[in-house]
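The data block below is input_36.txt; it holds compact mmCIF, C-alpha atoms.
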# COMPACT_ATOMS: atom_id res chain seq x y z
CA PRO M 1 28.42 46.27 121.65
CA ILE M 2 31.59 46.67 119.73
CA ALA M 3 32.31 44.44 116.83
CA PRO M 4 35.64 42.61 116.58
CA GLY M 5 36.60 44.62 113.45
CA GLU M 6 35.94 47.82 115.32
CA VAL M 7 38.28 46.73 118.12
CA SER M 8 41.08 46.23 115.66
CA GLN M 9 40.27 49.58 114.09
CA LEU M 10 40.27 51.21 117.54
CA LYS M 11 43.64 49.58 118.30
CA THR M 12 45.07 51.02 115.08
CA GLN M 13 43.67 54.46 115.91
CA LEU M 14 45.05 54.28 119.45
CA ALA M 15 48.44 53.25 118.09
CA THR M 16 48.23 56.17 115.71
CA PHE M 17 47.35 58.48 118.58
CA GLY M 18 50.25 57.03 120.58
CA GLU M 19 52.60 57.57 117.69
CA SER M 20 51.15 61.03 117.14
CA ASP M 21 51.74 61.80 120.79
CA LYS M 22 55.37 60.71 120.46
CA VAL M 23 55.71 62.74 117.30
CA ARG M 24 54.13 65.74 119.04
CA ILE M 25 56.54 65.39 121.99
CA LEU M 26 59.47 65.02 119.59
CA LEU M 27 58.36 68.09 117.60
CA GLU M 28 57.89 70.09 120.81
CA GLU M 29 61.41 69.17 121.94
CA MET M 30 62.75 70.12 118.52
CA MET M 31 60.91 73.46 118.75
CA LYS M 32 62.31 74.07 122.23
CA ALA M 33 65.82 73.28 121.01
CA THR M 34 65.32 75.55 117.99
CA LEU M 35 63.99 78.37 120.19
CA GLN M 36 66.96 77.95 122.54
CA ARG M 37 69.34 78.08 119.59
CA LEU M 38 67.52 81.14 118.25
CA LYS M 39 67.85 82.82 121.66
CA VAL M 40 71.58 82.00 121.79
CA ILE M 41 72.02 83.35 118.25
CA THR M 42 69.98 86.48 119.05
CA ASP M 43 71.98 87.09 122.23
CA ALA M 44 75.24 86.57 120.34
CA LEU M 45 74.04 88.95 117.62
CA GLU M 46 73.19 91.65 120.17
CA SER M 47 76.54 91.16 121.89
CA THR M 48 78.33 91.38 118.54
CA LYS M 49 76.40 94.52 117.60
CA THR M 50 77.40 96.14 120.90
CA GLU M 51 81.01 95.10 120.41
CA LEU M 52 80.90 96.38 116.80
CA ALA M 53 79.61 99.77 117.95
CA ALA M 54 82.42 99.99 120.52
CA HIS M 55 85.00 99.03 117.89
CA GLN M 56 83.60 101.60 115.47
CA LYS M 57 83.95 104.31 118.14
CA GLU M 58 87.55 103.20 118.71
CA LEU M 59 88.13 103.21 114.96
CA VAL M 60 86.84 106.79 114.67
CA LYS M 61 89.09 107.80 117.58
CA TRP M 62 92.15 106.20 115.98
CA GLU M 63 91.33 107.66 112.57
CA LYS M 64 91.22 111.13 114.15
CA GLU M 65 94.55 110.47 115.84
CA VAL M 66 96.06 109.32 112.54
CA VAL M 67 94.81 112.51 110.86
CA ASP M 68 96.23 114.63 113.70
CA LEU M 69 99.59 112.86 113.46
CA SER M 70 99.57 113.24 109.69
CA ASN M 71 98.88 116.97 110.06
CA ALA M 72 101.70 117.27 112.58
CA ALA M 73 104.04 115.41 110.23
CA ASP M 74 103.05 117.72 107.36
CA SER M 75 103.68 120.78 109.54
CA ALA M 76 107.07 119.44 110.62
CA LYS M 77 108.01 118.69 107.00
CA GLN M 78 106.92 122.16 105.94
CA ALA M 79 109.03 123.73 108.70
CA ALA M 80 112.00 121.55 107.74
CA ASP M 81 111.59 122.51 104.09
CA ALA M 82 111.47 126.21 105.04
CA GLU M 83 114.66 125.82 107.10
CA ASP M 84 116.30 123.95 104.22
CA LEU M 85 115.39 126.77 101.85
CA THR M 86 116.89 129.31 104.27
CA ARG M 87 120.03 127.18 104.54
CA GLN M 88 120.30 127.00 100.76
CA GLN M 89 119.86 130.77 100.46
CA LEU M 90 122.59 131.35 103.06
CA ALA M 91 124.84 128.83 101.30
CA GLY M 92 124.30 130.78 98.07
CA LYS M 93 125.23 134.05 99.78
CA ALA M 94 128.33 132.41 101.26
CA THR M 95 129.34 131.12 97.83
CA ASN M 96 128.87 134.60 96.34
CA ALA M 97 130.90 136.14 99.17
CA LYS M 98 133.74 133.63 98.57
CA GLU M 99 133.74 134.36 94.84
CA ASN M 100 133.71 138.13 95.48
CA TYR M 101 136.63 137.73 97.91
CA LYS M 102 138.63 135.71 95.35
CA THR M 103 137.93 138.31 92.65
CA GLU M 104 138.79 141.28 94.87
CA ASN M 105 141.91 139.54 96.23
CA ALA M 106 143.07 138.71 92.71
CA GLU M 107 142.63 142.35 91.70
CA PHE M 108 144.46 143.47 94.83
CA VAL M 109 147.37 141.12 94.15
CA VAL M 110 147.63 142.41 90.57
CA GLU M 111 147.19 146.11 91.35
CA THR M 112 149.10 146.42 94.64
CA PRO M 113 152.74 146.07 93.42
CA PRO M 114 152.45 148.76 90.73
CA ALA M 115 150.52 151.02 93.08
CA THR M 116 153.11 150.49 95.82
CA ARG M 117 155.90 151.33 93.37
CA ALA M 118 154.01 154.44 92.26
CA ILE M 119 153.58 155.53 95.90
CA VAL M 120 157.28 155.00 96.58
CA ILE M 121 158.21 156.95 93.44
CA ILE M 122 155.82 159.79 94.32
CA GLY M 123 157.21 159.84 97.86
CA THR M 124 160.78 159.99 96.52
CA VAL M 125 159.90 162.78 94.07
CA LYS M 126 158.13 164.69 96.85
CA ALA M 127 161.12 164.30 99.15
CA LYS M 128 163.47 165.58 96.41
CA ILE M 129 161.18 168.53 95.69
CA ASN M 130 160.99 169.35 99.40
CA ALA M 131 164.76 169.04 99.67
CA PHE M 132 165.30 171.23 96.62
CA CYS M 133 162.85 173.84 97.88
CA ALA M 134 164.44 173.82 101.33
CA ALA M 135 167.94 174.27 99.87
CA LYS M 136 167.13 177.37 97.80
CA PRO M 137 167.06 180.55 99.72
CA ALA M 138 163.90 182.47 99.59
CA ALA M 139 164.25 185.22 97.03
Output the file's structure in the form of structure tokens.
Amino acid sequence: PIAPGEVSQLKTQLATFGESDKVRILLEEMMKATLQRLKVITDALESTKTELAAHQKELVKWEKEVVDLSNAADSAKQAADAEDLTRQQLAGKATNAKENYKTENAEFVVETPPATRAIVIIGTVKAKINAFCAAKPAA
């Protein structure tokens, strides 16, 4: 036989078991929810890692293209600089040629009139000598 105090004690223990069962169910649901969240987070992490790897490959590709374009730009600038140097050298030669022309032309302008007069005088003297020699009979 069970004593009346034991019945009340058994009721308390059963209530505790009932509450424990509810707590257990609640904890199990919380664990399931946590595991589901963990799975979602893990899946998202894997997806992000895959996407990151793809983006890193794209980044490497674009970095190579930037380097190639930079090299091409450097080559084009170097060619342009070489052509500019050639142009400057030719401009220098043209300037020297213009200065030489001005100098030579100035000398020509100064020297030509006296030289022309001298040629005319020599031609006149020569003509007179030839005329004098032609007029004298041969002796």
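When CA of Ala97 in chain M is paired with CA of Glu83 in chain M, their separation reads 20.8 Å.
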*asked:* Please report the interatomic distance between CA of His55 in chain M and CA of Leu38 in chain M in Å with one decimal.
replied: 25.0 Å
*CA of Val120 in chain M to CA of Ala106 in chain M, distance in Å rounded to a single decimal*: 22.0 Å
